[in-house]
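Note sheet for the following structure.
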Amino acid sequence: MVKKINAFDMAQIQFDTVAKLLQLDNEIAEILRWPQREYSFRIPVRMDDGRLKVFQGFRVQHNDARGPNKGGIRFAADETLDTVRALATWMTWKCAVADIPLGGGKGGVVVDPSTLSTNEKESLCRGWVQAMWKNIGPRNDVPAPDIGTTPQMMGWMMDEYSRLVGQYTPGVFTGKPVGGGGSLGRTEATGYGVIYTVREAMKHINLDPKNSVAALQGFGNVSQYAAIGFVEILGGTVACVSCYDRHDKKAYTYSKKGGVDPRFLMSIVDQYGTVDKQKALDSGYEVTDGDKWLEADVNVLIPAALEGQITGDTVKKVSKNLKLVAEGANGPTTPEADEVLKKNKVFVIPDFLCNAGGVTVSYFEQVQNDANYYWEKDAVLRRLDVKMTAAFNAVYQRSQEEKVYTRDAAYMVAIDRVVAAMEMRGWLTGNA
Ligand code: NAD
């Protein structure tokens, strides 16, 4: 059996590689390899059947040199402190590359949320805040929804925090429901952000957006808006999308001659990202194996579902016309596949740049909460475009100047920005 690499080991290996490229001082590297603070706590919840059940909770604050820690809270049965550490570290780099004034954090609870009633979920959310409220806040750590958590849960958490501190504090959690302090445009943010970076990349690789053809993996939040953006913003064609079918317990690829209609597919997808296969077949869609998206004759691939999809093996199957990979998902390309893409001169937009649209609009949400003034959706998306374009250009320029792969360039930009903030704050003198 292949041993799965520990996520935090991977985060440290990636950091060490770029630290070497940057010739980063060992003392600085020693600070950045580890989170600044870690909280591990127990959350007792009175279950509906009267039993008291105790859950394990975590919050890791990796680095707050550039601003309050930022990152989701995951409710997942296989959550571990090391996964949370890794994700918190990656959030530091994501916020830095997007150039938003936030650091990196992540939280979690070891629980399968589908086993909880609504009442139990609310108690667990409030319990998480009761354990952590002294260490989070709009000026020190701002959590958000992630796998297994929802805008409603952020609403309960924000309410619990506001009760404990004695004043309405919407900016302590982002990803709240619209009307409850949430931002317009958050739903579209990650997928459209992917497309803004794709548009910028196309300018450098001589790919006419109108003649571009893409295949996407996933048809959930990120992929739906990436597909819509690919067609409506860029004027390109989406050849196919692949998604997991919850009923058949397998993945399928949906394609149509002349390209799929993302808005139609959105009208027949459920909240878990499963397309209604029968309705698709009735409308003339071809339904094939879930892996076929990767082999489609396209020039753009947008993996926006799972990690580890483009591997040393599967990368051999991609179209010879492939020019661009836009990583909507986190970690979709393995290091082995990276080497092949690099060799074949395929342009890769790395995940923590490509999918930074979500955290960027979370930051906008906090700005709106602070001002108690809410922006129109157009204004949110316009500002998102400005941030994503600037982030892309900083990474592209660095990759050209240093003649390095885009993923390494993105790490270089991010690490440099965090180190500059640490230096400015005097953290490296040893007196702080
Ligand atoms: P989601 O749960 O809304 O959708 C996931 C999609 O992936 C579904 O359509 C599902 O059917 C599909 N899928 C699952 N297994 C599959 C398989 N074997 N083959 C093909 N499709 C499969 O999730 P999302 O919010 O769209 O997130 C997707 C990825 O993007 C994740 O890696 C997530 O961490 C990352 N991400 C999301 C956001 C965000 O704002 N939503 C932000 C940054 C990164």
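By order in the structure tokens, chains are A, B, ...; within a chain, residues start at 1; ligands start at 1, following the order shown.
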
**OP:** Write out as number ranges by chain which residues come within 10 Å of Gly182 (chain A) when counting only C-alpha atoms, dropping same-chain ones fewer than 2 positions away.
**Re:** A: 151, 154-155, 170-171, 173-180, 184-186, 361-362, 364-366, 368-369, 374

**OP:** Would you return as a list in words the members of region 204-293 of chain A that DSSP assigns to alpha helix (DSSP H) on this structure's backbone?
**Re:** His204, Asn221, Val222, Ser223, Gln224, Tyr225, Ala226, Ala227, Ile228, Gly229, Phe230, Val231, Glu232, Pro262, Arg263, Phe264, Leu265, Met266, Ser267, Lys277, Gln278, Lys279, Ala280, Leu281 and Asp282 of chain A

**OP:** Find, counting only C-alpha atoms, the residue in A:Arg126, A:Arg85, A:Arg51, A:Arg59 that gets nearest to Asn6 (chain A).
**Re:**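 For Asn6 (chain A), the nearest of the given residues is A:Arg85.
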
**OP:** Could you give me the residues within 6 Å of ligand 1, counting only C-alpha atoms and all ligand atoms, as number ranges by chain?
**Re:** A: 190, 217-223, 242-244, 251, 272-274, 290, 304-306, 328-330, 355, 358

Subject >> Pick from A:Met10, A:Leu322, A:Val231, A:Met47 nearest to Arg33 (chain A), counting only C-alpha atoms >> reply: A:Met10

**OP:** If you run DSSP over the backbone, which residues in region 271-328 of chain A end up strand (DSSP E)? Put them as JSON, numbers by chain.
**Re:** {"A": [286, 287, 288, 289, 300, 301, 302, 303, 324, 325, 326]}

Produce a file of the selected residues containing N, CA and C atoms, as a CSV table (one decimal), in the first residue's frame.
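Once written, part16.csv looks like this:
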chain,number,residue,atom,x,y,z
A,286,GLU,N,-23.6,13.5,-23.8
A,286,GLU,CA,-22.9,12.2,-23.8
A,286,GLU,C,-22.4,12.0,-22.4
A,287,VAL,N,-22.6,10.9,-21.8
A,287,VAL,CA,-22.1,10.6,-20.4
A,287,VAL,C,-21.1,9.5,-20.5
A,288,THR,N,-19.9,9.8,-20.1
A,288,THR,CA,-18.8,8.8,-20.2
A,288,THR,C,-18.1,8.6,-18.8
A,289,ASP,N,-17.1,7.8,-18.7
A,289,ASP,CA,-16.4,7.6,-17.5
A,289,ASP,C,-15.9,8.9,-16.9
A,300,VAL,N,-7.1,23.8,-22.4
A,300,VAL,CA,-7.1,24.2,-21.0
A,300,VAL,C,-7.8,23.2,-20.1
A,301,LEU,N,-7.1,22.8,-19.0
A,301,LEU,CA,-7.7,21.9,-18.0
A,301,LEU,C,-7.9,22.7,-16.7
A,302,ILE,N,-9.1,22.5,-16.2
A,302,ILE,CA,-9.3,23.2,-14.9
A,302,ILE,C,-9.8,22.1,-13.9
A,303,PRO,N,-8.8,21.5,-13.1
A,303,PRO,CA,-9.2,20.6,-12.1
A,303,PRO,C,-9.8,21.4,-10.9
A,324,LEU,N,-2.5,25.0,-20.9
A,324,LEU,CA,-2.8,25.7,-19.7
A,324,LEU,C,-3.5,24.8,-18.7
A,325,VAL,N,-3.0,24.8,-17.4
A,325,VAL,CA,-3.7,24.1,-16.3
A,325,VAL,C,-4.0,25.2,-15.3
A,326,ALA,N,-5.3,25.4,-14.9
A,326,ALA,CA,-5.6,26.3,-13.9
A,326,ALA,C,-6.2,25.5,-12.7

Original post:
Do you know which residues are at most 7 Å from Gly57 (chain A) counting only C-alpha atoms, after dropping those on the same chain fewer than 5 positions away, and could you put them as a ChimeraX atom specification?
Top reply: /A:40-43,108-110,128

**OP:** Pick out the residues sitting within 9 Å of Lys277 (chain A), and hand them over as a PyMOL selection string; count only C-alpha atoms, and ignore anything fewer than 6 positions along from it in its own chain.
**Re:** chain A and resi 245+252+254+268+285+287

**OP:** Point out the residue among A:Met202, A:Ala76, A:Val45, A:Val165 with the least atom-to-atom distance to Leu124 (chain A), counting only C-alpha atoms.
**Re:** A:Val45

**OP:** Quick one: pull the distance between CA of Arg139 (chain A) and CA of Arg74 (chain A), Å, one decimal.
**Re:**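 Interatomic distance here is 21.4 Å.
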
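Across the structure, CA of Thr89 (chain A) and CA of His62 (chain A) are spaced 5.5 Å apart.
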
**OP:** With a distance cut-off of 12 Å and only C-alpha atoms, select the neighbouring residues of Val111 (chain A), excluding the residue or stretch itself and same-chain residues fewer than 6 positions from it, and output the selection as JSON, numbers by chain.
**Re:** {"A": [43, 53, 54, 55, 56, 57, 58, 73, 74, 75, 76, 77, 78, 79, 80, 120, 121, 124, 125, 147, 148, 149]}

Original post:
Of the residues A:Ala98, A:Ala227, A:Ala280, A:Val340, which is the one nearest to Val386 (chain A), using only C-alpha atoms?
Top reply: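 Of A:Ala98, A:Ala227, A:Ala280, A:Val340, the one nearest Val386 (chain A) is A:Ala98, counting only C-alpha atoms.
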
So that each row is one residue of region 179-201 of chain A with an atom at most 12 Å from region 395-408 of chain A, can you give its shortest atom pair and the distance in Å to one decimal, using only C-alpha atoms, rows by chain and rising number, as a tab-separated table?
residue	atom	partner	partner_atom	distance
A:Thr197	CA	A:Tyr396	CA	10.5
A:Glu200	CA	A:Tyr396	CA	9.5
A:Ala201	CA	A:Tyr396	CA	8.4

Those same residues - N, CA and C atoms - I'd like them written as a compact mmCIF listing (two decimals), in the first residue's frame.
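New file again-v5.txt:
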# COMPACT_ATOMS: atom_id res chain seq x y z
N THR A 197 -7.63 34.77 -13.64
CA THR A 197 -6.21 34.39 -13.81
C THR A 197 -6.00 33.67 -15.14
N GLU A 200 -5.65 36.27 -17.82
CA GLU A 200 -4.33 36.91 -17.82
C GLU A 200 -3.27 35.97 -18.38
N ALA A 201 -3.34 34.69 -18.00
CA ALA A 201 -2.34 33.72 -18.50
C ALA A 201 -2.41 33.61 -20.01

**OP:** Could you tell me which of A:Glu232, A:Asp146, A:Asp385, A:Asp64 comes closest to Trp93 (chain A) if we count only C-alpha atoms?
**Re:**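 Selected residue with least distance to Trp93 (chain A): A:Asp64.
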
**OP:** Mind checking which residues fall within 12 Å of Thr429 (chain A), counting only C-alpha atoms, ignoring those fewer than 5 positions away in the same chain, and posting them as a list in words?
**Re:**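 Once the adjacent positions are removed, what remains is Glu27, Ile28, Met422, Glu423 and Met424 of chain A.
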